[in-house]
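So this one's upload.pdb, PDB, C-alpha atoms:
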```pdb
ATOM      1  CA  MET Z   7     -20.952  16.549   4.155
ATOM      2  CA  CYS Z   8     -21.520  14.875   0.810
ATOM      3  CA  TYR Z   9     -18.683  12.423   0.224
ATOM      4  CA  ARG Z  10     -17.728  11.946  -3.398
ATOM      5  CA  LEU Z  11     -14.777   9.548  -3.120
ATOM      6  CA  LEU Z  12     -14.293   6.430  -1.011
ATOM      7  CA  ALA Z  13     -10.651   5.357  -0.582
ATOM      8  CA  LEU Z  14     -10.308   1.805   0.681
ATOM      9  CA  ASP Z  15      -7.349  -0.090   2.047
ATOM     10  CA  ILE Z  16      -7.436  -3.783   1.129
ATOM     11  CA  ASP Z  17      -5.880  -6.102   3.730
ATOM     12  CA  GLY Z  18      -7.679  -5.752   7.036
ATOM     13  CA  THR Z  19     -10.298  -3.470   5.470
ATOM     14  CA  LEU Z  20     -11.825  -4.584   2.168
ATOM     15  CA  VAL Z  21     -11.035  -8.265   2.723
ATOM     16  CA  ASN Z  22     -11.546 -10.293   5.880
ATOM     17  CA  GLY Z  23      -9.057 -12.304   7.911
ATOM     18  CA  GLU Z  24      -9.255 -15.111   5.353
ATOM     19  CA  HIS Z  25      -8.221 -12.646   2.595
ATOM     20  CA  ALA Z  26     -11.703 -12.969   1.094
ATOM     21  CA  LEU Z  27     -14.047 -10.301  -0.259
ATOM     22  CA  THR Z  28     -17.437 -11.178   1.233
ATOM     23  CA  PRO Z  29     -20.665 -10.723  -0.737
ATOM     24  CA  ALA Z  30     -21.943  -8.192   1.829
ATOM     25  CA  THR Z  31     -18.848  -5.986   1.545
ATOM     26  CA  ARG Z  32     -18.788  -6.325  -2.249
ATOM     27  CA  ASP Z  33     -22.426  -5.258  -2.479
ATOM     28  CA  ALA Z  34     -21.839  -2.290  -0.165
ATOM     29  CA  VAL Z  35     -18.960  -1.017  -2.296
ATOM     30  CA  ARG Z  36     -21.064  -1.449  -5.432
ATOM     31  CA  ALA Z  37     -23.885   0.485  -3.759
ATOM     32  CA  ALA Z  38     -21.524   3.365  -3.033
ATOM     33  CA  ARG Z  39     -20.435   3.440  -6.662
ATOM     34  CA  ALA Z  40     -24.037   3.218  -7.889
ATOM     35  CA  ALA Z  41     -24.785   6.264  -5.735
ATOM     36  CA  GLY Z  42     -22.185   8.232  -7.682
ATOM     37  CA  ILE Z  43     -19.297   7.910  -5.221
ATOM     38  CA  GLU Z  44     -15.904   7.273  -6.806
ATOM     39  CA  VAL Z  45     -14.163   4.212  -5.341
ATOM     40  CA  VAL Z  46     -10.372   3.922  -5.135
ATOM     41  CA  LEU Z  47      -8.360   1.000  -3.770
ATOM     42  CA  ALA Z  48      -5.325   2.289  -1.850
ATOM     43  CA  THR Z  49      -3.055  -0.512  -0.745
ATOM     44  CA  GLY Z  50       0.459  -1.468   0.232
ATOM     45  CA  ARG Z  51       0.182  -4.443  -2.127
ATOM     46  CA  ARG Z  52       2.048  -4.612  -5.394
ATOM     47  CA  TYR Z  53      -0.006  -3.916  -8.499
ATOM     48  CA  SER Z  54      -0.135  -7.568  -9.589
ATOM     49  CA  ARG Z  55      -1.472  -8.599  -6.169
ATOM     50  CA  THR Z  56      -4.177  -5.932  -6.272
ATOM     51  CA  LEU Z  57      -5.597  -6.864  -9.675
ATOM     52  CA  PRO Z  58      -7.368 -10.098  -8.560
ATOM     53  CA  LEU Z  59      -9.813  -8.032  -6.493
ATOM     54  CA  VAL Z  60     -10.985  -5.843  -9.349
ATOM     55  CA  GLU Z  61     -13.105  -8.420 -11.172
ATOM     56  CA  PRO Z  62     -14.937  -9.650  -8.028
ATOM     57  CA  LEU Z  63     -15.829  -6.041  -7.155
ATOM     58  CA  GLY Z  64     -17.474  -5.710 -10.548
ATOM     59  CA  ILE Z  65     -16.761  -1.981 -10.876
ATOM     60  CA  GLU Z  66     -13.977   0.007 -12.495
ATOM     61  CA  VAL Z  67     -11.571   1.256  -9.845
ATOM     62  CA  PRO Z  68      -8.174   2.969 -10.115
ATOM     63  CA  LEU Z  69      -5.479   1.297  -8.033
ATOM     64  CA  VAL Z  70      -3.159   3.187  -5.694
ATOM     65  CA  THR Z  71      -0.538   0.516  -4.994
ATOM     66  CA  ALA Z  72       2.748   0.187  -3.093
ATOM     67  CA  SER Z  73       1.401   2.631  -0.480
ATOM     68  CA  GLY Z  74       0.993   5.399  -3.038
ATOM     69  CA  ALA Z  75       4.143   4.892  -5.101
ATOM     70  CA  LEU Z  76       2.390   3.483  -8.196
ATOM     71  CA  ILE Z  77      -1.072   4.349  -9.553
ATOM     72  CA  LYS Z  78      -2.515   2.422 -12.492
ATOM     73  CA  HIS Z  79      -5.772   1.796 -14.319
ATOM     74  CA  ALA Z  80      -6.732  -1.840 -13.945
ATOM     75  CA  HIS Z  81      -8.562  -2.148 -17.266
ATOM     76  CA  ASP Z  82      -5.600  -1.271 -19.495
ATOM     77  CA  HIS Z  83      -2.677  -1.249 -17.001
ATOM     78  CA  LYS Z  84      -1.917   2.359 -17.880
ATOM     79  CA  THR Z  85       0.397   4.070 -15.399
ATOM     80  CA  LEU Z  86      -1.045   7.299 -13.997
ATOM     81  CA  PHE Z  87       1.758   8.031 -11.522
ATOM     82  CA  ARG Z  88       5.077   6.467 -10.544
ATOM     83  CA  ALA Z  89       7.209   7.820  -7.705
ATOM     84  CA  GLU Z  90      10.900   8.641  -8.173
ATOM     85  CA  PHE Z  91      13.738   8.758  -5.685
ATOM     86  CA  ALA Z  92      15.779  11.961  -5.683
ATOM     87  CA  PRO Z  93      19.157  11.638  -7.470
ATOM     88  CA  GLY Z  94      21.562   9.520  -5.450
ATOM     89  CA  VAL Z  95      19.023   8.622  -2.760
ATOM     90  CA  LEU Z  96      18.212   5.144  -4.092
ATOM     91  CA  ARG Z  97      21.841   3.986  -4.094
ATOM     92  CA  GLU Z  98      22.478   5.482  -0.685
ATOM     93  CA  MET Z  99      19.355   3.880   0.737
ATOM     94  CA  LEU Z 100      20.368   0.470  -0.611
ATOM     95  CA  SER Z 101      23.834   0.935   0.872
ATOM     96  CA  VAL Z 102      22.321   1.656   4.297
ATOM     97  CA  VAL Z 103      20.044  -1.390   4.082
ATOM     98  CA  HIS Z 104      22.953  -3.604   3.015
ATOM     99  CA  SER Z 105      25.281  -2.310   5.733
ATOM    100  CA  ALA Z 106      22.568  -3.093   8.302
ATOM    101  CA  GLY Z 107      22.637  -6.728   7.160
ATOM    102  CA  PHE Z 108      19.448  -6.862   5.108
ATOM    103  CA  GLU Z 109      18.509  -7.442   1.478
ATOM    104  CA  ALA Z 110      16.101  -5.084  -0.257
ATOM    105  CA  VAL Z 111      13.279  -6.108  -2.550
ATOM    106  CA  MET Z 112      12.603  -3.288  -5.004
ATOM    107  CA  TYR Z 113       9.527  -2.645  -7.130
ATOM    108  CA  GLY Z 114       9.517  -1.835 -10.841
ATOM    109  CA  ASP Z 115       6.647  -0.728 -13.064
ATOM    110  CA  THR Z 116       7.230  -3.877 -15.082
ATOM    111  CA  PHE Z 117       3.930  -5.754 -14.924
ATOM    112  CA  HIS Z 118       3.817  -5.807 -18.732
ATOM    113  CA  GLN Z 119       7.140  -7.685 -18.697
ATOM    114  CA  GLY Z 120       5.762 -10.452 -16.480
ATOM    115  CA  PHE Z 121       7.351  -9.482 -13.162
ATOM    116  CA  ASP Z 122       7.076  -6.613 -10.708
ATOM    117  CA  TYR Z 123       9.948  -6.798  -8.232
ATOM    118  CA  TYR Z 124      13.715  -7.177  -8.221
ATOM    119  CA  CYS Z 125      15.822  -9.104  -5.738
ATOM    120  CA  SER Z 126      19.519  -9.931  -5.569
ATOM    121  CA  ARG Z 127      18.956 -13.670  -4.996
ATOM    122  CA  LEU Z 128      16.318 -16.227  -4.061
ATOM    123  CA  ASN Z 129      18.475 -18.484  -1.895
ATOM    124  CA  THR Z 130      18.517 -16.031   0.987
ATOM    125  CA  PRO Z 131      19.324 -17.180   4.534
ATOM    126  CA  LYS Z 132      16.700 -14.733   5.819
ATOM    127  CA  VAL Z 133      13.798 -17.034   6.697
ATOM    128  CA  VAL Z 134      11.038 -14.430   6.469
ATOM    129  CA  LEU Z 135      12.316 -13.188   3.111
ATOM    130  CA  ALA Z 136      12.553 -16.752   1.812
ATOM    131  CA  GLU Z 137       8.897 -17.147   2.815
ATOM    132  CA  PHE Z 138       8.016 -14.055   0.782
ATOM    133  CA  PHE Z 139       9.797 -15.436  -2.288
ATOM    134  CA  ALA Z 140       8.063 -18.820  -1.888
ATOM    135  CA  MET Z 141       4.662 -17.096  -1.852
ATOM    136  CA  ASN Z 142       5.443 -14.868  -4.856
ATOM    137  CA  VAL Z 143       6.930 -17.327  -7.324
ATOM    138  CA  ASN Z 144       7.746 -16.032 -10.818
ATOM    139  CA  CYS Z 145       7.023 -12.426  -9.853
ATOM    140  CA  GLU Z 146      10.720 -11.533  -9.585
ATOM    141  CA  ARG Z 147      13.735 -10.659 -11.653
ATOM    142  CA  ILE Z 148      17.051 -11.575 -10.059
ATOM    143  CA  LEU Z 149      19.808  -8.947 -10.242
ATOM    144  CA  PRO Z 150      22.875  -9.965  -8.211
ATOM    145  CA  GLU Z 151      24.109  -6.360  -8.423
ATOM    146  CA  LEU Z 152      20.802  -4.864  -7.204
ATOM    147  CA  MET Z 153      22.186  -3.495  -3.933
ATOM    148  CA  THR Z 154      25.090  -1.692  -5.609
ATOM    149  CA  ASP Z 155      23.933  -0.980  -9.176
ATOM    150  CA  PRO Z 156      20.121  -0.763  -9.272
ATOM    151  CA  PRO Z 157      18.280  -0.401 -12.584
ATOM    152  CA  GLU Z 158      16.334   2.683 -13.613
ATOM    153  CA  GLY Z 159      12.701   3.091 -12.682
ATOM    154  CA  LEU Z 160      12.633   1.644  -9.169
ATOM    155  CA  PHE Z 161      10.006   3.538  -7.180
ATOM    156  CA  ALA Z 162       9.654   1.734  -3.808
ATOM    157  CA  GLY Z 163      10.589  -1.433  -1.961
ATOM    158  CA  PHE Z 164      11.105  -3.054   1.408
ATOM    159  CA  ALA Z 165      13.375  -5.026   3.705
ATOM    160  CA  MET Z 166      12.069  -7.823   5.909
ATOM    161  CA  GLY Z 167      12.831  -9.115   9.402
ATOM    162  CA  SER Z 168      11.489  -9.092  12.941
ATOM    163  CA  LYS Z 169       9.505  -6.109  14.212
ATOM    164  CA  GLN Z 170      12.433  -4.931  16.327
ATOM    165  CA  GLU Z 171      14.877  -5.273  13.430
ATOM    166  CA  MET Z 172      12.645  -3.328  11.064
ATOM    167  CA  LEU Z 173      11.956  -0.545  13.554
ATOM    168  CA  ALA Z 174      15.709  -0.222  14.065
ATOM    169  CA  LEU Z 175      16.257  -0.149  10.292
ATOM    170  CA  GLU Z 176      13.574   2.508   9.882
ATOM    171  CA  ALA Z 177      15.282   4.691  12.502
ATOM    172  CA  HIS Z 178      18.674   4.081  10.872
ATOM    173  CA  LEU Z 179      17.373   5.132   7.443
ATOM    174  CA  GLU Z 180      15.817   8.270   8.895
ATOM    175  CA  ARG Z 181      19.136   9.199  10.555
ATOM    176  CA  GLU Z 182      21.223   8.556   7.446
ATOM    177  CA  LEU Z 183      18.783  10.047   4.915
ATOM    178  CA  PRO Z 184      16.740  12.666   6.782
ATOM    179  CA  ASN Z 185      13.694  13.943   4.878
ATOM    180  CA  GLN Z 186      14.597  11.836   1.832
ATOM    181  CA  LEU Z 187      12.392   8.780   2.410
ATOM    182  CA  TYR Z 188       8.943   7.753   3.565
ATOM    183  CA  CYS Z 189       9.316   4.627   5.721
ATOM    184  CA  HIS Z 190       6.948   2.656   7.909
ATOM    185  CA  VAL Z 191       7.005  -0.751   9.564
ATOM    186  CA  LEU Z 192       4.083  -3.148   9.359
ATOM    187  CA  ARG Z 193       3.251  -6.810   8.980
ATOM    188  CA  SER Z 194       1.126  -8.016   6.113
ATOM    189  CA  PRO Z 195      -1.338 -10.689   7.301
ATOM    190  CA  ARG Z 196       0.027 -12.836   4.504
ATOM    191  CA  TYR Z 197       3.563 -13.140   5.907
ATOM    192  CA  SER Z 198       5.136 -13.947   9.267
ATOM    193  CA  GLY Z 199       7.845 -11.258   9.060
ATOM    194  CA  PHE Z 200       7.586  -7.486   9.365
ATOM    195  CA  MET Z 201       8.352  -5.154   6.464
ATOM    196  CA  CYS Z 202      10.139  -1.845   6.564
ATOM    197  CA  GLU Z 203       8.519  -0.300   3.497
ATOM    198  CA  ILE Z 204      10.559   2.395   1.776
ATOM    199  CA  ALA Z 205       9.432   5.023  -0.731
ATOM    200  CA  PRO Z 206      10.576   8.497  -1.777
ATOM    201  CA  ALA Z 207       9.772  11.313   0.627
ATOM    202  CA  GLY Z 208       6.343  12.849   0.166
ATOM    203  CA  VAL Z 209       4.780   9.660  -1.201
ATOM    204  CA  SER Z 210       1.927   7.993   0.664
ATOM    205  CA  LYS Z 211      -1.485   6.483   0.063
ATOM    206  CA  TRP Z 212      -2.921   9.937   0.703
ATOM    207  CA  THR Z 213      -0.862  11.612  -2.020
ATOM    208  CA  GLY Z 214      -2.004   8.884  -4.404
ATOM    209  CA  VAL Z 215      -5.659   9.301  -3.486
ATOM    210  CA  LEU Z 216      -5.354  13.078  -3.719
ATOM    211  CA  HIS Z 217      -3.782  12.771  -7.191
ATOM    212  CA  LEU Z 218      -6.886  10.949  -8.415
ATOM    213  CA  ALA Z 219      -9.256  13.252  -6.527
ATOM    214  CA  HIS Z 220      -7.752  16.361  -8.125
ATOM    215  CA  GLU Z 221      -8.237  14.836 -11.580
ATOM    216  CA  ARG Z 222     -11.925  14.422 -10.752
ATOM    217  CA  GLY Z 223     -12.416  17.824  -9.161
ATOM    218  CA  ILE Z 224     -12.941  16.329  -5.717
ATOM    219  CA  ALA Z 225     -11.764  18.216  -2.637
ATOM    220  CA  ALA Z 226     -10.018  16.589   0.328
ATOM    221  CA  GLU Z 227     -13.005  17.196   2.592
ATOM    222  CA  GLU Z 228     -15.195  15.229   0.143
ATOM    223  CA  ILE Z 229     -13.115  12.066   0.625
ATOM    224  CA  CYS Z 230     -13.845   9.235   3.032
ATOM    225  CA  ALA Z 231     -10.780   7.050   3.668
ATOM    226  CA  VAL Z 232     -10.840   3.704   5.470
ATOM    227  CA  GLY Z 233      -7.893   1.635   6.717
ATOM    228  CA  ASP Z 234      -6.361  -0.441   9.474
ATOM    229  CA  ASP Z 235      -2.563  -0.008   9.615
ATOM    230  CA  VAL Z 236       0.174   2.591   9.968
ATOM    231  CA  ASN Z 237       0.542   3.183   6.216
ATOM    232  CA  ASP Z 238      -3.081   4.377   6.258
ATOM    233  CA  ILE Z 239      -2.411   7.147   8.799
ATOM    234  CA  PRO Z 240      -1.776   9.971   6.276
ATOM    235  CA  MET Z 241      -5.066   9.409   4.450
ATOM    236  CA  ILE Z 242      -7.067   8.848   7.638
ATOM    237  CA  VAL Z 243      -5.743  12.119   9.088
ATOM    238  CA  GLU Z 244      -6.222  14.229   5.962
ATOM    239  CA  ALA Z 245      -9.500  12.916   4.527
ATOM    240  CA  GLY Z 246     -12.785  14.632   5.233
ATOM    241  CA  LEU Z 247     -13.848  11.479   7.055
ATOM    242  CA  GLY Z 248     -11.081   9.177   8.272
ATOM    243  CA  VAL Z 249     -12.329   5.778   9.433
ATOM    244  CA  ALA Z 250     -10.349   3.113  11.280
ATOM    245  CA  MET Z 251     -11.564  -0.453  11.139
ATOM    246  CA  GLY Z 252     -12.329  -2.109  14.471
ATOM    247  CA  ASN Z 253      -9.320  -4.370  13.904
ATOM    248  CA  ALA Z 254      -6.997  -1.400  13.217
ATOM    249  CA  VAL Z 255      -3.778  -0.765  15.109
ATOM    250  CA  ASP Z 256      -4.087   1.620  18.046
ATOM    251  CA  GLU Z 257      -2.013   4.327  16.313
ATOM    252  CA  LEU Z 258      -4.625   4.543  13.549
ATOM    253  CA  LYS Z 259      -7.635   4.487  15.848
ATOM    254  CA  ALA Z 260      -6.110   7.376  17.791
ATOM    255  CA  VAL Z 261      -6.224   9.697  14.759
ATOM    256  CA  ALA Z 262      -9.453   8.475  13.113
ATOM    257  CA  ASP Z 263     -12.722  10.412  13.087
ATOM    258  CA  ARG Z 264     -14.723   7.225  13.531
ATOM    259  CA  VAL Z 265     -14.122   3.530  14.197
ATOM    260  CA  ALA Z 266     -16.091   0.984  12.193
ATOM    261  CA  PRO Z 267     -16.768  -2.658  13.056
ATOM    262  CA  CYS Z 268     -13.899  -5.015  12.225
ATOM    263  CA  ASN Z 269     -13.228  -6.517   8.804
ATOM    264  CA  ASN Z 270     -14.443  -9.944   9.923
ATOM    265  CA  SER Z 271     -17.826  -8.357  10.672
ATOM    266  CA  ASP Z 272     -18.155  -6.623   7.277
ATOM    267  CA  GLY Z 273     -17.258  -3.274   8.806
ATOM    268  CA  LEU Z 274     -17.283  -1.558   5.412
ATOM    269  CA  VAL Z 275     -21.020  -2.167   5.154
ATOM    270  CA  GLU Z 276     -21.458   0.190   8.097
ATOM    271  CA  VAL Z 277     -19.061   2.757   6.588
ATOM    272  CA  VAL Z 278     -21.021   2.851   3.333
ATOM    273  CA  ARG Z 279     -24.225   3.277   5.314
ATOM    274  CA  TRP Z 280     -22.694   6.291   7.099
ATOM    275  CA  ILE Z 281     -21.636   8.049   3.924
ATOM    276  CA  LEU Z 282     -24.845   7.324   2.016
ATOM    277  CA  GLU Z 283     -26.901   8.695   4.890
TER
END
```
As structure tokens, how would this structure be written, given the file I've shared?
Amino acid sequence: MCYRLLALDIDGTLVNGEHALTPATRDAVRAARAAGIEVVLATGRRYSRTLPLVEPLGIEVPLVTASGALIKHAHDHKTLFRAEFAPGVLREMLSVVHSAGFEAVMYGDTFHQGFDYYCSRLNTPKVVLAEFFAMNVNCERILPELMTDPPEGLFAGFAMGSKQEMLALEAHLERELPNQLYCHVLRSPRYSGFMCEIAPAGVSKWTGVLHLAHERGIAAEEICAVGDDVNDIPMIVEAGLGVAMGNAVDELKAVADRVAPCNNSDGLVEVVRWILE
């Protein structure tokens, strides 16, 4: 198979355990692009947190952010796709999160306004959420009424707590809003708490990658997707070649076509070698 598009997760895949893009991995990705393979970054990160990787890569790449809920061009910040909750679902979802005792952080396509998420307050008693706020200073807009009267244009978000709390919240949301949401629980290596990430139903990294592939006339079987966590499962399952990093969670390895070396061993160098050969 000739692969024409390489979809890359960021944390745990493109960058190592120190959150750094190594020269070897950077050069491998550039080699793939020089060989005519389209490169797409598909991440759970917010758009503003994805941008710092674009310049070090040294190639133009579209960004599938917020696990598929927002796609933008990095060079001009043009929005190519933004997910939407079905009518009434956003308010009901926020009500469920609030009744479970959690505060939601919600994303807006507002990078041009100098922020990219909304929260109801910063002085939260939730320790793991307070940690998130402390590590994302000046990226927020505070709306005390967020949980009851959200603004227009919100396309995804998350709640934060322990792994057990977030798994319970995920199950609760699925019971209360069946087939209306796409939820998954994971822990970013940047934070100590777990996130229950929430997006409209039918939205995933794979749908974002496929959106870009269709624009370029690239079929699903011509895509190689690489990741390490549960939000990568849809694209690893559906891509022509789905690769789990050696450091990936067991659920992802179980559905992958191949397993690469881990991110701390420049595993993407091996993946690029596979697809170029």
Neighbour residues at most 12 Å from (-22.8, -2.0, -4.0) (all atoms listed in the file) as a tab-separated table (two decimals) with C-alpha atoms, in the frame of the given file:
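Generated output (point.tsv):
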```tsv
chain	number	residue	atom	x	y	z
Z	28	THR	CA	-17.44	-11.18	1.23
Z	29	PRO	CA	-20.66	-10.72	-0.74
Z	30	ALA	CA	-21.94	-8.19	1.83
Z	31	THR	CA	-18.85	-5.99	1.54
Z	32	ARG	CA	-18.79	-6.32	-2.25
Z	33	ASP	CA	-22.43	-5.26	-2.48
Z	34	ALA	CA	-21.84	-2.29	-0.16
Z	35	VAL	CA	-18.96	-1.02	-2.30
Z	36	ARG	CA	-21.06	-1.45	-5.43
Z	37	ALA	CA	-23.88	0.48	-3.76
Z	38	ALA	CA	-21.52	3.36	-3.03
Z	39	ARG	CA	-20.43	3.44	-6.66
Z	40	ALA	CA	-24.04	3.22	-7.89
Z	41	ALA	CA	-24.78	6.26	-5.74
Z	42	GLY	CA	-22.18	8.23	-7.68
Z	43	ILE	CA	-19.30	7.91	-5.22
Z	44	GLU	CA	-15.90	7.27	-6.81
Z	45	VAL	CA	-14.16	4.21	-5.34
Z	62	PRO	CA	-14.94	-9.65	-8.03
Z	63	LEU	CA	-15.83	-6.04	-7.16
Z	64	GLY	CA	-17.47	-5.71	-10.55
Z	65	ILE	CA	-16.76	-1.98	-10.88
Z	274	LEU	CA	-17.28	-1.56	5.41
Z	275	VAL	CA	-21.02	-2.17	5.15
Z	278	VAL	CA	-21.02	2.85	3.33
Z	279	ARG	CA	-24.22	3.28	5.31
Z	282	LEU	CA	-24.84	7.32	2.02
```
Counting only C-alpha atoms, which residues of range 123-159 of chain Z sit at most 10 Å from some atom of range 188-199 of chain Z, and what is each one's closest atom pair with its distance in Å to one decimal, listed by chain and rising residue number, as a tab-separated table?
```
residue	atom	partner	partner_atom	distance
Z:Val133	CA	Z:Gly199	CA	8.6
Z:Val134	CA	Z:Gly199	CA	5.2
Z:Leu135	CA	Z:Gly199	CA	7.7
Z:Glu137	CA	Z:Tyr197	CA	7.4
Z:Phe138	CA	Z:Tyr197	CA	6.9
Z:Met141	CA	Z:Tyr197	CA	8.8
```
Could you tell me how far CA of Arg181 in chain Z sits from CA of Phe91 in chain Z, in Å to one decimal place?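 One can read the CA of Phe91 in chain Z to CA of Arg181 in chain Z distance as 17.1 Å.
Shortest atom-to-atom contact with Asn253 in chain Z among Z:Leu11, Z:Phe87, Z:Asn22, Z:Val103: Z:Asn22, counting all atoms listed in the file.
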Give me the residues near Ile77 in chain Z as a PyMOL selection string, where near means some atom within 8 Å (using only C-alpha atoms) and where sequence neighbours in that chain fewer than 2 positions away do not count. chain Z and resi 68-71+74-75+79+85-88+214
When you look at Ala136 in chain Z with a cut-off of 12 Å (counting all atoms listed in the file), what residues show up, excluding the ones that are within fewer than 4 positions of it in the same chain? I need them as a ChimeraX atom specification. /Z:109,111,125,127-132,140-143,165-167,197-199
Can you write just those residues out, C-alpha atoms, as a compact mmCIF listing (two decimals), keeping the file's coordinate frame?
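The file below, again-v5.txt, is the result:
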```
# COMPACT_ATOMS: atom_id res chain seq x y z
CA GLU Z 109 18.51 -7.44 1.48
CA VAL Z 111 13.28 -6.11 -2.55
CA CYS Z 125 15.82 -9.10 -5.74
CA ARG Z 127 18.96 -13.67 -5.00
CA LEU Z 128 16.32 -16.23 -4.06
CA ASN Z 129 18.48 -18.48 -1.90
CA THR Z 130 18.52 -16.03 0.99
CA PRO Z 131 19.32 -17.18 4.53
CA LYS Z 132 16.70 -14.73 5.82
CA ALA Z 140 8.06 -18.82 -1.89
CA MET Z 141 4.66 -17.10 -1.85
CA ASN Z 142 5.44 -14.87 -4.86
CA VAL Z 143 6.93 -17.33 -7.32
CA ALA Z 165 13.38 -5.03 3.70
CA MET Z 166 12.07 -7.82 5.91
CA GLY Z 167 12.83 -9.12 9.40
CA TYR Z 197 3.56 -13.14 5.91
CA SER Z 198 5.14 -13.95 9.27
CA GLY Z 199 7.84 -11.26 9.06
```
Residues near Glu146 in chain Z, anyone? I mean within 7 Å using all atoms listed in the file, not counting same-chain ones fewer than 6 positions away, as an NGL selection string. :Z and (121-125)
Give me, please, the distance in Å between CA of Glu221 in chain Z and CA of Val243 in chain Z, quoted to one decimal.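 CA of Val243 in chain Z lies 21.0 Å from CA of Glu221 in chain Z.
Using only C-alpha atoms for every distance, the candidate list Z:Leu47, Z:Ile224, Z:Arg10, Z:Tyr113 yields Z:Tyr113 as the residue closest to Phe164 in chain Z.
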Of the candidates Z:Asp272, Z:Asp17, Z:Thr49, Z:Leu57, which shows the shortest atom-to-atom distance to Met241 in chain Z, using all atoms listed in the file? Z:Thr49
If the PyMOL selection byres ((chain Z and resi 209) around 8) is run on the structure shown, which residues does it catch, given as JSON, numbers by chain? {"Z": [73, 74, 75, 89, 188, 205, 206, 207, 208, 210, 211, 212, 213, 214]}
For those residues, write C-alpha atoms to a file as an mmCIF file, in the frame of the given file.
```cif
data_model
loop_
_atom_site.group_PDB
_atom_site.id
_atom_site.type_symbol
_atom_site.label_atom_id
_atom_site.label_comp_id
_atom_site.auth_asym_id
_atom_site.auth_seq_id
_atom_site.Cartn_x
_atom_site.Cartn_y
_atom_site.Cartn_z
ATOM 1 C CA SER Z 73 1.401 2.631 -0.480
ATOM 2 C CA GLY Z 74 0.993 5.399 -3.038
ATOM 3 C CA ALA Z 75 4.143 4.892 -5.101
ATOM 4 C CA ALA Z 89 7.209 7.820 -7.705
ATOM 5 C CA TYR Z 188 8.943 7.753 3.565
ATOM 6 C CA ALA Z 205 9.432 5.023 -0.731
ATOM 7 C CA PRO Z 206 10.576 8.497 -1.777
ATOM 8 C CA ALA Z 207 9.772 11.313 0.627
ATOM 9 C CA GLY Z 208 6.343 12.849 0.166
ATOM 10 C CA SER Z 210 1.927 7.993 0.664
ATOM 11 C CA LYS Z 211 -1.485 6.483 0.063
ATOM 12 C CA TRP Z 212 -2.921 9.937 0.703
ATOM 13 C CA THR Z 213 -0.862 11.612 -2.020
ATOM 14 C CA GLY Z 214 -2.004 8.884 -4.404
#
```
Quick one: pull the distance between CA of Leu76 in chain Z and CA of Asp115 in chain Z, Å, one decimal.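 Separation between CA of Leu76 in chain Z and CA of Asp115 in chain Z: 7.7 Å.
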Distance table requested - range 17-64 of chain Z against range 228-239 of chain Z, cut-off 8 Å, only C-alpha atoms: one row per qualifying residue with the closest atom pair and its distance in Å to one decimal, ordered by chain and rising residue number, as JSON lines.
```
{"residue": "Z:Gly18", "atom": "CA", "partner": "Z:Asp234", "partner_atom": "CA", "distance": 6.0}
{"residue": "Z:Thr19", "atom": "CA", "partner": "Z:Gly233", "partner_atom": "CA", "distance": 5.8}
{"residue": "Z:Gly50", "atom": "CA", "partner": "Z:Asn237", "partner_atom": "CA", "distance": 7.6}
```
Z:Leu27, Z:Val102, Z:Ala48, Z:Ala174 ranked by distance to Glu61 in chain Z, top pick (using all atoms listed in the file):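 The answer is Z:Leu27, which sits nearest to Glu61 in chain Z.
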Care to translate the PyMOL selection byres ((chain Z and resi 54) around 10) into actual residues of this file, as a PyMOL selection string? chain Z and resi 51-53+55-58+71+80+116-117+120-122+145
Residue nearest Cys202 in chain Z - candidates Z:Gln186, Z:Asn270, Z:Gln170, Z:Ser101, atoms counted: only C-alpha atoms: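 With only C-alpha atoms as the atom set, the closest residue is Z:Gln170.
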Fix up range 109-117 of chain Z with N, CA and C atoms, then write it as an mmCIF file, in the coordinates of the input.
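For reference, result.cif as written:
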```
data_model
loop_
_atom_site.group_PDB
_atom_site.id
_atom_site.type_symbol
_atom_site.label_atom_id
_atom_site.label_comp_id
_atom_site.auth_asym_id
_atom_site.auth_seq_id
_atom_site.Cartn_x
_atom_site.Cartn_y
_atom_site.Cartn_z
ATOM 1 N N GLU Z 109 18.621 -7.465 2.928
ATOM 2 C CA GLU Z 109 18.509 -7.442 1.478
ATOM 3 C C GLU Z 109 17.219 -6.712 1.116
ATOM 4 N N ALA Z 110 17.290 -5.824 0.163
ATOM 5 C CA ALA Z 110 16.101 -5.084 -0.257
ATOM 6 C C ALA Z 110 15.405 -5.807 -1.405
ATOM 7 N N VAL Z 111 14.107 -5.723 -1.408
ATOM 8 C CA VAL Z 111 13.279 -6.108 -2.550
ATOM 9 C C VAL Z 111 12.735 -4.808 -3.117
ATOM 10 N N MET Z 112 12.958 -4.576 -4.404
ATOM 11 C CA MET Z 112 12.603 -3.288 -5.004
ATOM 12 C C MET Z 112 11.566 -3.478 -6.116
ATOM 13 N N TYR Z 113 10.618 -2.559 -6.163
ATOM 14 C CA TYR Z 113 9.527 -2.645 -7.130
ATOM 15 C C TYR Z 113 9.858 -1.894 -8.419
ATOM 16 N N GLY Z 114 9.426 -2.493 -9.540
ATOM 17 C CA GLY Z 114 9.517 -1.835 -10.841
ATOM 18 C C GLY Z 114 8.144 -1.805 -11.491
ATOM 19 N N ASP Z 115 7.908 -0.832 -12.325
ATOM 20 C CA ASP Z 115 6.647 -0.728 -13.064
ATOM 21 C C ASP Z 115 6.766 -1.616 -14.300
ATOM 22 N N THR Z 116 6.857 -2.913 -14.043
ATOM 23 C CA THR Z 116 7.230 -3.877 -15.082
ATOM 24 C C THR Z 116 6.198 -4.999 -15.224
ATOM 25 N N PHE Z 117 4.974 -4.738 -14.827
ATOM 26 C CA PHE Z 117 3.930 -5.754 -14.924
ATOM 27 C C PHE Z 117 3.813 -6.294 -16.343
#
```
